[in-house]
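Student: Okay, handing you the structure first.
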Amino acid sequence: MDAAVEARLRPEVVHRGVAPGIPVLGVEDLRVWYGAQPALRGVTLEIPERRITAVIGPSGCGKSTLVRAINRMNELIPGVRTEGRVLFRGQDLYGPGVDPVEVRLRIGMVFQKPNPFPKSVYENVAFGLRLHRRLGRRELDERVERALRQAALWDEVKDDLHRKSGLELSGGQQQRLCIARALAVEPEVLLLDEPCSALDPISTARIEALMEGLKRDYTLVIVTHNMQQAARVSDFTAFLLDGELVEFGPTEEVFTRPRDRRTEDYITGRFG
Amino acid sequence: MTAVAVEQRWRRRLERRKAFGRLFVAACQAATLLGLVFLAVLLVDVVRDGAGYLRPERITNFPSRFPQQAGYASALVGTLYVAGIMSLIAFPVGVAAAVYLEEYAPPGRLTRLLEVNIANLAAVPSVLYGLLGLELFVVGMRMGKSVLAGALTLALLVLPLTILSSREAIRAVPFSVREAAYALGATRWQVVRHHVLPYAAPGILTGTILSLSRAVGETAPLIMLGALQYVPFLPRGVLDYFTVLPIQIFNYVSLPNPEFHRVAAAGILLLLAVLLALNGTAIWLRNRARIRW
């Protein structure tokens, strides 16, 4: 597609030219309840563009709830109530007239447990593309290949793209397939909810290397309860505790000079 | 107590613990065998009575006053005809209801009420469905004692079973797969159409076939409906009179001439063959197409 046409159809593409570091997502006083149980008690933070932001904290602190609120996945769970605002390039994603389908198209997600479809590798990646656009065979093939290359999976699956089911891949490959599937629809933000917690160290290292490369084009938010991982891959770190944001800042500062006592206790392993 | 004494006591108790375990396994094995033994007794009994009578004319002939010539042609065709039309009705309605309850119905009191009542319907005696069919279809809608009335009545009978088993199959599709599709920007319809239904299909089919085979063995509701016992012709349209295998068997059994009891036994073997074919298909589908998540 011609760049000018693409810019007209997807105005956000133009913004990719803006210097990195500008906030792309603004979370404002976000509160989420599961029934009567509060999960987030007023979280405010800004997620910078084309950077990796890590969300850390002990189990049950609301990390997953926070990232799932960003692409409106929480509302699939019955009994969830959300208040506050999530601004995406200035637009409130919870505002009237905003369709969650469009939100999820522009803000992709990778889950904790690899969840490929029980279809071929090719169909896994092509599914999202087919949902939204009618593409010719050649273009579909190209986009599937591009996404698989971006996810560093192409060389391992190119010989039986159509024969092998996504479920036949190894755990690490499955997770990279899920990343490829999410990248195929060209979101601007990719949310990763503990993407490595079910993987071995080698697969984890591959995914971390992959994220490093992806941040040239995408804004990434990764939930992890592995603090070394947060320190290794992220540019910014948010520390959540009991549904509240305790600390948010450049990763190096959060890990070397935490301002809050609780952050220090957590990252030094005194609890959590 | 010395350490040695403590250990000896522990060993004695270990023996007892293991003995209880063996006893439990033996009880379970006996329970399993019990069912199989009765099935075997039934089979042997029926085969002894009916095998000699299981000849081609049982399938090609119509009912007759002479046991040697009495056959099941109209009953066999009637069974297949009624079961076929019944499936055409019960399958889409049952699957649609299951999809609604699982994927769309808002959780709440009304949905709970619907669910409980569908489960209750599955337990309603089949005779009552016969009465309902007589009232509603045969008399009310003036269908007469026709294939259509029979199929509709049986469809009502198996509908709760179809809904329950389809819901079970739909629920077996993991939430994580639905989430994956939603996260790519799929609408609810696209999630159902491209993921839930295809992945649940083997389970839905298996459950539906099993409930279908229950209907094929039903006698009471069709007798209530007034299905004829003597049908010397094949039904050609949905509004024709009909009979089915269980009714024909019941008819032969109630005749005084003992020769007819052997004709009935041959009919039971025919019915068993039909049921076995259906259940076999269900098992084959389940093994072939099931997805291991």
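By convention in this document, the chains of the structure tokens carry letters A, B, ... by their order, each chain's residues are numbered from 1, and ligands are numbered from 1 in the order they are shown.
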What residues in chain A have any atom no more than 8 Å from chain B when counting only C-alpha atoms, and can you write them as a list in words?

Tutor: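 Going by the stated atoms only, the list reads Asn71, Met73, Pro78, Pro100, Val101, Glu102, Val103, Arg104, Leu105, Gly108, Met109, Val110, Phe111, Asn115, Pro116, Phe117, Pro118, Gly128, Leu131, Leu167, Ala182 and Val185 of chain A.
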
Student: Store the residues picked out above in a file with C-alpha atoms, as a short mmCIF file (atom, residue, chain, number, x, y, z; two decimals), in the first residue's frame.

Tutor:
```cif
data_model
loop_
_atom_site.label_atom_id
_atom_site.label_comp_id
_atom_site.auth_asym_id
_atom_site.auth_seq_id
_atom_site.Cartn_x
_atom_site.Cartn_y
_atom_site.Cartn_z
CA ASN A 71 -7.22 -3.30 25.59
CA MET A 73 -10.18 -7.57 27.78
CA PRO A 78 -18.59 -11.40 34.01
CA PRO A 100 -13.69 -2.69 21.99
CA VAL A 101 -13.12 -4.56 18.72
CA GLU A 102 -11.22 -1.55 17.34
CA VAL A 103 -9.35 -1.09 20.61
CA ARG A 104 -8.12 -4.68 20.48
CA LEU A 105 -7.12 -4.37 16.84
CA GLY A 108 -2.61 -6.44 20.69
CA MET A 109 -2.05 -8.96 23.44
CA VAL A 110 0.02 -12.05 24.23
CA PHE A 111 -1.12 -14.19 27.13
CA ASN A 115 -2.91 -20.22 23.35
CA PRO A 116 -2.51 -21.05 19.66
CA PHE A 117 -5.61 -22.02 17.74
CA PRO A 118 -5.87 -25.73 16.86
CA GLY A 128 -6.48 -11.87 12.54
CA LEU A 131 -11.03 -10.88 10.33
CA LEU A 167 -0.61 -27.12 19.01
CA ALA A 182 -0.66 -10.55 17.37
CA VAL A 185 -2.66 -7.26 12.39
#
```

Student: According to DSSP computed on the backbone, where in range 36-126 of chain B is there helix (DSSP H, G or I)? Give the residues as a ChimeraX atom specification.

Tutor: /B:36-53,56-60,73-104,109-121,126

Student: For a test of reading the model, state the distance in Å between CA of Ala215 in chain B and CA of Val124 in chain B, rounded to one decimal.

Tutor: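 Result for CA of Ala215 in chain B versus CA of Val124 in chain B: 13.8 Å, one decimal.
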
Student: One decimal, in Å: what's the spacing between CA of Phe260 in chain B and CA of Ala73 in chain B?

Tutor: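 A separation of 15.9 Å between them.
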
Student: Which residues, written as a VMD selection string, have at least one atom at most 10 Å from Tyr34 in chain A, with only C-alpha atoms counted and residues fewer than 2 positions away on the same chain left out?

Tutor: chain A and resid 32 36 to 40 65 74 77 to 82

Student: Take the residues that were just selected and, keeping C-alpha atoms, output them as an mmCIF file, in the first residue's frame.

Tutor:
```cif
data_model
loop_
_atom_site.group_PDB
_atom_site.id
_atom_site.type_symbol
_atom_site.label_atom_id
_atom_site.label_comp_id
_atom_site.auth_asym_id
_atom_site.auth_seq_id
_atom_site.Cartn_x
_atom_site.Cartn_y
_atom_site.Cartn_z
ATOM 1 C CA VAL A 32 -11.315 -2.100 38.563
ATOM 2 C CA ALA A 36 -17.155 -6.337 45.149
ATOM 3 C CA GLN A 37 -13.424 -7.123 45.264
ATOM 4 C CA PRO A 38 -11.223 -4.181 44.233
ATOM 5 C CA ALA A 39 -8.318 -5.147 41.976
ATOM 6 C CA LEU A 40 -7.038 -1.707 40.990
ATOM 7 C CA THR A 65 -5.817 -6.485 35.480
ATOM 8 C CA ASN A 74 -11.477 -7.427 31.342
ATOM 9 C CA ILE A 77 -15.147 -11.633 32.406
ATOM 10 C CA PRO A 78 -18.590 -11.398 34.008
ATOM 11 C CA GLY A 79 -18.863 -9.124 37.011
ATOM 12 C CA VAL A 80 -15.942 -6.799 36.215
ATOM 13 C CA ARG A 81 -16.478 -3.070 36.716
ATOM 14 C CA THR A 82 -14.053 -0.431 35.447
#
```

Student: Pull the closest atom pair for each residue of range 118-156 of chain B that gets at most 7 Å from range 236-254 of chain B, along with the distance in Å to one decimal, counting only C-alpha atoms, ordering rows by chain and then ascending residue number, as JSON lines.

Tutor:
```
{"residue": "B:Met143", "atom": "CA", "partner": "B:Leu239", "partner_atom": "CA", "distance": 6.7}
{"residue": "B:Lys145", "atom": "CA", "partner": "B:Tyr241", "partner_atom": "CA", "distance": 5.9}
{"residue": "B:Ser146", "atom": "CA", "partner": "B:Tyr241", "partner_atom": "CA", "distance": 4.7}
{"residue": "B:Val147", "atom": "CA", "partner": "B:Val238", "partner_atom": "CA", "distance": 5.1}
{"residue": "B:Leu148", "atom": "CA", "partner": "B:Val238", "partner_atom": "CA", "distance": 5.1}
```

Student: Got time to write the residues from that selection, C-alpha atoms, as a PDB file, in the first residue's frame?

Tutor:
```pdb
ATOM      1  CA  MET B 143     -50.902 -33.836  11.316  1.00  0.00           C
ATOM      2  CA  LYS B 145     -50.530 -40.150  13.182  1.00  0.00           C
ATOM      3  CA  SER B 146     -47.873 -39.219  10.679  1.00  0.00           C
ATOM      4  CA  VAL B 147     -44.122 -39.458  10.306  1.00  0.00           C
ATOM      5  CA  LEU B 148     -43.906 -35.707  10.872  1.00  0.00           C
TER       6      LEU B 148
END
```
